[in-house]
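Please read the structure below before turning to the comments.
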Amino acid sequence: MGIVYDSNSQTFHLQGKSSSYIMQLIKSKYLAHVHWGRQIRGTNPGSLLAIRRRCSFSPSTDPNDLTLSLDTLPQEFPAYGGSDFRVPVYQVQMEDGTTVSELVYESHRIYAGKTPLEGLPSTYTEDDSEAESIDIVLVDPGIGLKAILTYTVFRDLDAITRSVRFMNVGNQSIKLLRALSFGIDISHCEFDMLHLSGTWARERHIERRPILTGGSVIESRRGSSSHSLNPFMALLSKQADEDQGEAYGFSLVYSGSFVAQAEVDPYGTTRVVMGINSFDFSWLLEPGQAFQTPEAVLVYSAEGIGGMSRTYHKLYRTRLCRGQFRDRHRPILINNWEATYFNFNADKMEELARVGKELGLELLVLDDGWFGKRDNDKSSLGDWFVDRNKLPQGMPDLVSRVKQQGLEFGLWFEPEMVSPDSELYRAHPDWCLHVPGRRRTEARQQLILDYSRQDVRDYIVTVITDILASSPITYVKWDMNRNMTEIGSAQLPPERQRETAHRYMLGLYDVLERITSAFPNVLFESCSGGGGRFDPGMLYYMPQTWTSDNTDAVERLKIQYGTSIVYPISTMGAHVSAVPNHQVHRTTPLDMRGNVAMSGNFGYELDLTAFTEVEKEAVKKQVALYKQLRPLIQFGEFYRLISPFEQINAAWMFVSEDKKEALVAFFQVLAEPNAPLRKLRLKGLAAECNYFLYDAEDQGEGVEIFGGDELMHVGLNLPIWKGDFRSRLYRLKMEE
């Protein structure tokens, strides 16, 4: 593991746990990509790159060497304006209006550990021995532009991070028109592209399709990572599935508008680029100023999609998420939203807490409606003071009453928004994103506060700090319920207006850093109409996200399955809600709702006080079981077994790191007449060991013993059930 530079061949060899990433300097100035994939010893890396002349329509940069054309050279950081006609990673505009640039090699530095990015979230190390990094400095002396390409390779993972810092070292202003985080040219195009798509209440569904000549693009222009498309894509070898074949993952640690593209050129080379969406973006670099791109995380797996996912899971859970709750069990909560919506008072909340404690729950969350004059979603966002009509004795009294019942207390905020009908908006109508002379488009009767402004950020930090400091609040749900329109700032000059959206994200990260640092004992959960901003950037500040507003058990199978392609189980909020479900009006049994929700950070979104005694007993058993399984579910290795996108059933499992314990979840969505006998092949067990297998709800009764090899290579006999919406949890414990 590590980074080796061979001065003779001018190659850089980055070695992960079982992978290699190799670059080479061509003519001592062009940084070319040589290999990324299975680990190689690097005996003769300087001879691995093949370069040949194509035709005059791919012009050469050197009249004495017609084989060298940037249009066909596999590159690491391609530019616009020279002789490369493919999609560029960056593009600049000079004061004279020209847009030609060419960055060439100047120097490099290899060092232990990993350096944080200024003002941006990123993965990290806790010890310098965990990773090694290299800064490769490229310069365009003709315009005074410098780019520092930073690569980090992790010792125990097949993951590489990339980012770029642009610097204006000249005497004239430079405008960045495009500033992506990385580019890479892969020598062939025999790939399928996998990405995650959807909409509100239907997030992160899996799509897979072949890549063809030209560009395959996913992007967001919404000012957020969005419900529609996630800032992730993967290239898969044609035979790749969950367990075999090559998978190349690309994930952006950013929460705003993004673009990811795989472009196939006429010669079968695949160029992948990713970063901040250049649509409606520019950034003015005055002399002496710098611009930092977000970090991209690249993962290679020779063990299919599942191997790629588990690498992302481990890295993001342990070296992206931060704080006290990163490695702590997450509390089982009850959220009052679907129980009361806006119609609640302190007595109702106390009663929910009393029943919650009786059932074994650990946290009560007060959702929307506790502030201003918020009796519906048409007013009061921005007025973060307690509504004394609902809570006459204030927040400290309510928190005290809940804690006396034995539960912790959590609170909902939507701090990035402002209602036109609010005291804040009437006092500061210029504090929202807007363009003078244009309408201020409302969504959900709200506008977006301009977080590019220091005064707005300071106000938000102050009012939220006052609330959190007033009472022992231990959980915050941070919501964001609309996307950006009329993107402009009253404080930015005309030449910087297209910086507004990115400055907003930098401002948001600043606010999150200040608040989460000030309250390290608070568990923060991000939300955006459910999963509209489920991205690595938010996980850096908040170690879990409300996965979707859709709590229907059947729909959640797809949502949680798709989310697991990139994100660890410990980041997914998953709750049991009432039936008929409030989003799709489907009725599913309580045990299936519980088993689906227990495959994440468990909780409830319904009126506990309306339960029958039979339902209360069922919930007590669910809660008690989850407390036993919680360490395994939240921190075990995750294996997908049956895809709900491919079958009418679904299954997955969790395996402890030492392989001594496992949990298998099987879900029958629809019954089949005269169904065939089926087996479920398990994964991740120790083949040479034996396991006790029993129904999780039987608490050890009806135990059978199987070999790990039998369970993985022959399989577990699945039940044959009559009726839809059935499920079962199986526990496995290694025989000592």
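Just remember, in the structure tokens the first chain shown is A, the second B, etc., residues are 1-based per chain, and ligands are 1-based in the order shown.
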Write out as a PyMOL selection string each polymer residue whose atoms come within 9 Å of Leu315 of chain A, counting only C-alpha atoms; drop sequence neighbours fewer than 6 positions from it.
chain A and resi 123+157+159+321
Only N, CA, C and O atoms, please: the residues just picked out, written as a CSV table (one decimal), in the first residue's frame.
chain,number,residue,atom,x,y,z
A,123,THR,N,-13.7,13.0,3.4
A,123,THR,CA,-13.3,11.9,4.2
A,123,THR,C,-12.0,12.3,4.9
A,123,THR,O,-11.4,13.3,4.6
A,157,LEU,N,-8.5,0.0,2.3
A,157,LEU,CA,-9.6,0.0,1.4
A,157,LEU,C,-9.2,0.2,-0.1
A,157,LEU,O,-8.1,0.8,-0.3
A,159,ALA,N,-10.1,2.5,-2.1
A,159,ALA,CA,-10.8,3.7,-2.3
A,159,ALA,C,-9.7,4.8,-2.5
A,159,ALA,O,-8.7,4.8,-1.8
A,321,CYS,N,-18.6,10.1,8.3
A,321,CYS,CA,-19.4,10.5,9.4
A,321,CYS,C,-18.5,10.8,10.6
A,321,CYS,O,-17.4,10.2,10.7
Show which residues sit within 7 Å of segment 114-122 of chain A, as a PDB file with N, CA, C and O atoms, in the first residue's frame. Count only C-alpha atoms, and ignore same-chain residues fewer than 3 positions away.
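Okay, part23.pdb is ready:
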ATOM      1  N   THR A 125      -8.691  10.949   7.946  1.00  0.00           N
ATOM      2  CA  THR A 125      -7.975   9.900   8.658  1.00  0.00           C
ATOM      3  C   THR A 125      -7.830  10.313  10.114  1.00  0.00           C
ATOM      4  O   THR A 125      -7.809  11.497  10.438  1.00  0.00           O
ATOM      5  N   ALA A 131      -3.486   6.354   5.490  1.00  0.00           N
ATOM      6  CA  ALA A 131      -3.572   6.737   4.077  1.00  0.00           C
ATOM      7  C   ALA A 131      -2.302   7.460   3.667  1.00  0.00           C
ATOM      8  O   ALA A 131      -1.511   7.913   4.513  1.00  0.00           O
ATOM      9  N   GLU A 132      -2.134   7.569   2.365  1.00  0.00           N
ATOM     10  CA  GLU A 132      -1.035   8.360   1.813  1.00  0.00           C
ATOM     11  C   GLU A 132      -1.600   9.236   0.700  1.00  0.00           C
ATOM     12  O   GLU A 132      -2.543   8.840  -0.003  1.00  0.00           O
ATOM     13  N   SER A 133      -1.058  10.427   0.549  1.00  0.00           N
ATOM     14  CA  SER A 133      -1.587  11.396  -0.404  1.00  0.00           C
ATOM     15  C   SER A 133      -0.477  11.918  -1.296  1.00  0.00           C
ATOM     16  O   SER A 133       0.708  11.875  -0.957  1.00  0.00           O
ATOM     17  N   THR A 152      -5.696  10.798  -2.593  1.00  0.00           N
ATOM     18  CA  THR A 152      -5.424  10.057  -1.359  1.00  0.00           C
ATOM     19  C   THR A 152      -5.819   8.612  -1.575  1.00  0.00           C
ATOM     20  O   THR A 152      -6.904   8.320  -2.090  1.00  0.00           O
ATOM     21  N   VAL A 253     -18.736  14.159  -2.748  1.00  0.00           N
ATOM     22  CA  VAL A 253     -19.011  14.628  -1.391  1.00  0.00           C
ATOM     23  C   VAL A 253     -19.472  16.088  -1.497  1.00  0.00           C
ATOM     24  O   VAL A 253     -18.726  17.032  -1.228  1.00  0.00           O
ATOM     25  N   PRO A 294     -15.107  20.210  -4.597  1.00  0.00           N
ATOM     26  CA  PRO A 294     -15.469  19.138  -3.664  1.00  0.00           C
ATOM     27  C   PRO A 294     -14.662  17.874  -3.923  1.00  0.00           C
ATOM     28  O   PRO A 294     -14.050  17.700  -4.988  1.00  0.00           O
ATOM     29  N   GLU A 295     -14.694  16.993  -2.946  1.00  0.00           N
ATOM     30  CA  GLU A 295     -13.968  15.733  -3.061  1.00  0.00           C
ATOM     31  C   GLU A 295     -14.822  14.689  -3.759  1.00  0.00           C
ATOM     32  O   GLU A 295     -16.030  14.585  -3.524  1.00  0.00           O
ATOM     33  N   LEU A 320     -16.117   9.317   7.175  1.00  0.00           N
ATOM     34  CA  LEU A 320     -16.832  10.473   6.642  1.00  0.00           C
ATOM     35  C   LEU A 320     -17.758  11.019   7.724  1.00  0.00           C
ATOM     36  O   LEU A 320     -17.693  12.194   8.070  1.00  0.00           O
ATOM     37  N   LEU A 506     -21.416  26.501   0.542  1.00  0.00           N
ATOM     38  CA  LEU A 506     -20.321  26.793   1.476  1.00  0.00           C
ATOM     39  C   LEU A 506     -20.864  27.412   2.754  1.00  0.00           C
ATOM     40  O   LEU A 506     -20.400  27.110   3.864  1.00  0.00           O
ATOM     41  N   TYR A 509     -22.551  24.652   4.832  1.00  0.00           N
ATOM     42  CA  TYR A 509     -21.546  23.859   5.532  1.00  0.00           C
ATOM     43  C   TYR A 509     -20.956  24.630   6.715  1.00  0.00           C
ATOM     44  O   TYR A 509     -20.662  24.049   7.771  1.00  0.00           O
ATOM     45  N   GLY A 537     -21.962  14.756   1.440  1.00  0.00           N
ATOM     46  CA  GLY A 537     -21.688  16.055   2.043  1.00  0.00           C
ATOM     47  C   GLY A 537     -22.449  16.265   3.329  1.00  0.00           C
ATOM     48  O   GLY A 537     -21.915  16.744   4.336  1.00  0.00           O
ATOM     49  N   TYR A 540     -21.275  14.163   6.489  1.00  0.00           N
ATOM     50  CA  TYR A 540     -20.091  14.660   7.197  1.00  0.00           C
ATOM     51  C   TYR A 540     -20.498  15.410   8.460  1.00  0.00           C
ATOM     52  O   TYR A 540     -19.773  15.390   9.468  1.00  0.00           O
TER      53      TYR A 540
END
Please identify which residues in segment 625-717 of chain A DSSP calls helix (DSSP H, G or I) from the backbone, and express them as a list in words.
Leu625, Tyr626, Lys627, Gln628, Leu629, Arg630, Pro631, Leu632, Ile633, Gln634, Phe635, Ala696, Glu697, Asp698, Gly708, Asp709, Glu710, Leu711, Met712 and His713 of chain A
Quick one: which segment 427-524 of chain A residues come within 8 Å of segment 389-402 of chain A, and what is the nearest atom pair for each with the distance in Å to one decimal, counting only C-alpha atoms, rows ordered by chain and ascending number, as CSV?
residue,atom,partner,partner_atom,distance
A:Ser470,CA,A:Pro396,CA,6.5
A:Ser471,CA,A:Pro396,CA,5.2
A:Pro472,CA,A:Val399,CA,7.1
A:Ile473,CA,A:Val399,CA,7.4
DSSP-assigned strand (DSSP E or B) among segment 298-504 of chain A, expressed as an MDAnalysis selection string:
chainID A and resid 298:301 303 333:335 363:366 371 386 408:413 417:418 432 443 446:449 475:478
Task: Distance query Ala339 of chain A at most 10 Å, only C-alpha atoms, self and fewer than 5 positions along chain excluded, as number ranges by chain - done: A: 334, 344, 348, 352, 577-578, 604-610
Skipping near chain neighbours, those fewer than 5 positions away, what residues fall within 9 Å of Glu555 of chain A using only C-alpha atoms, listed as a list in words? Ala201, Arg202, Asn550, Gln560 and Val584 of chain A
Can you pull out the residues contacting Thr199 of chain A? Cut-off 12 Å, using only C-alpha atoms, and skip same-chain residues under 2 positions away; I want them as a list in words.
Leu196, Ser197, Ala201, Arg202, Glu203, Arg204, His205, Ser225, Ser226, His227, Ser228, Leu229, Asn230, Ser528, Gly529, Gly530, Gly531, Gly532, Arg533, Ser548, Asp549, Asn550 and Ile559 of chain A
Selection near Phe291 of chain A, 10 Å with only C-alpha atoms, sequence-local residues under 4 positions removed, as an MDAnalysis selection string
chainID A and resid 118 147 164:168 176 179 283:285
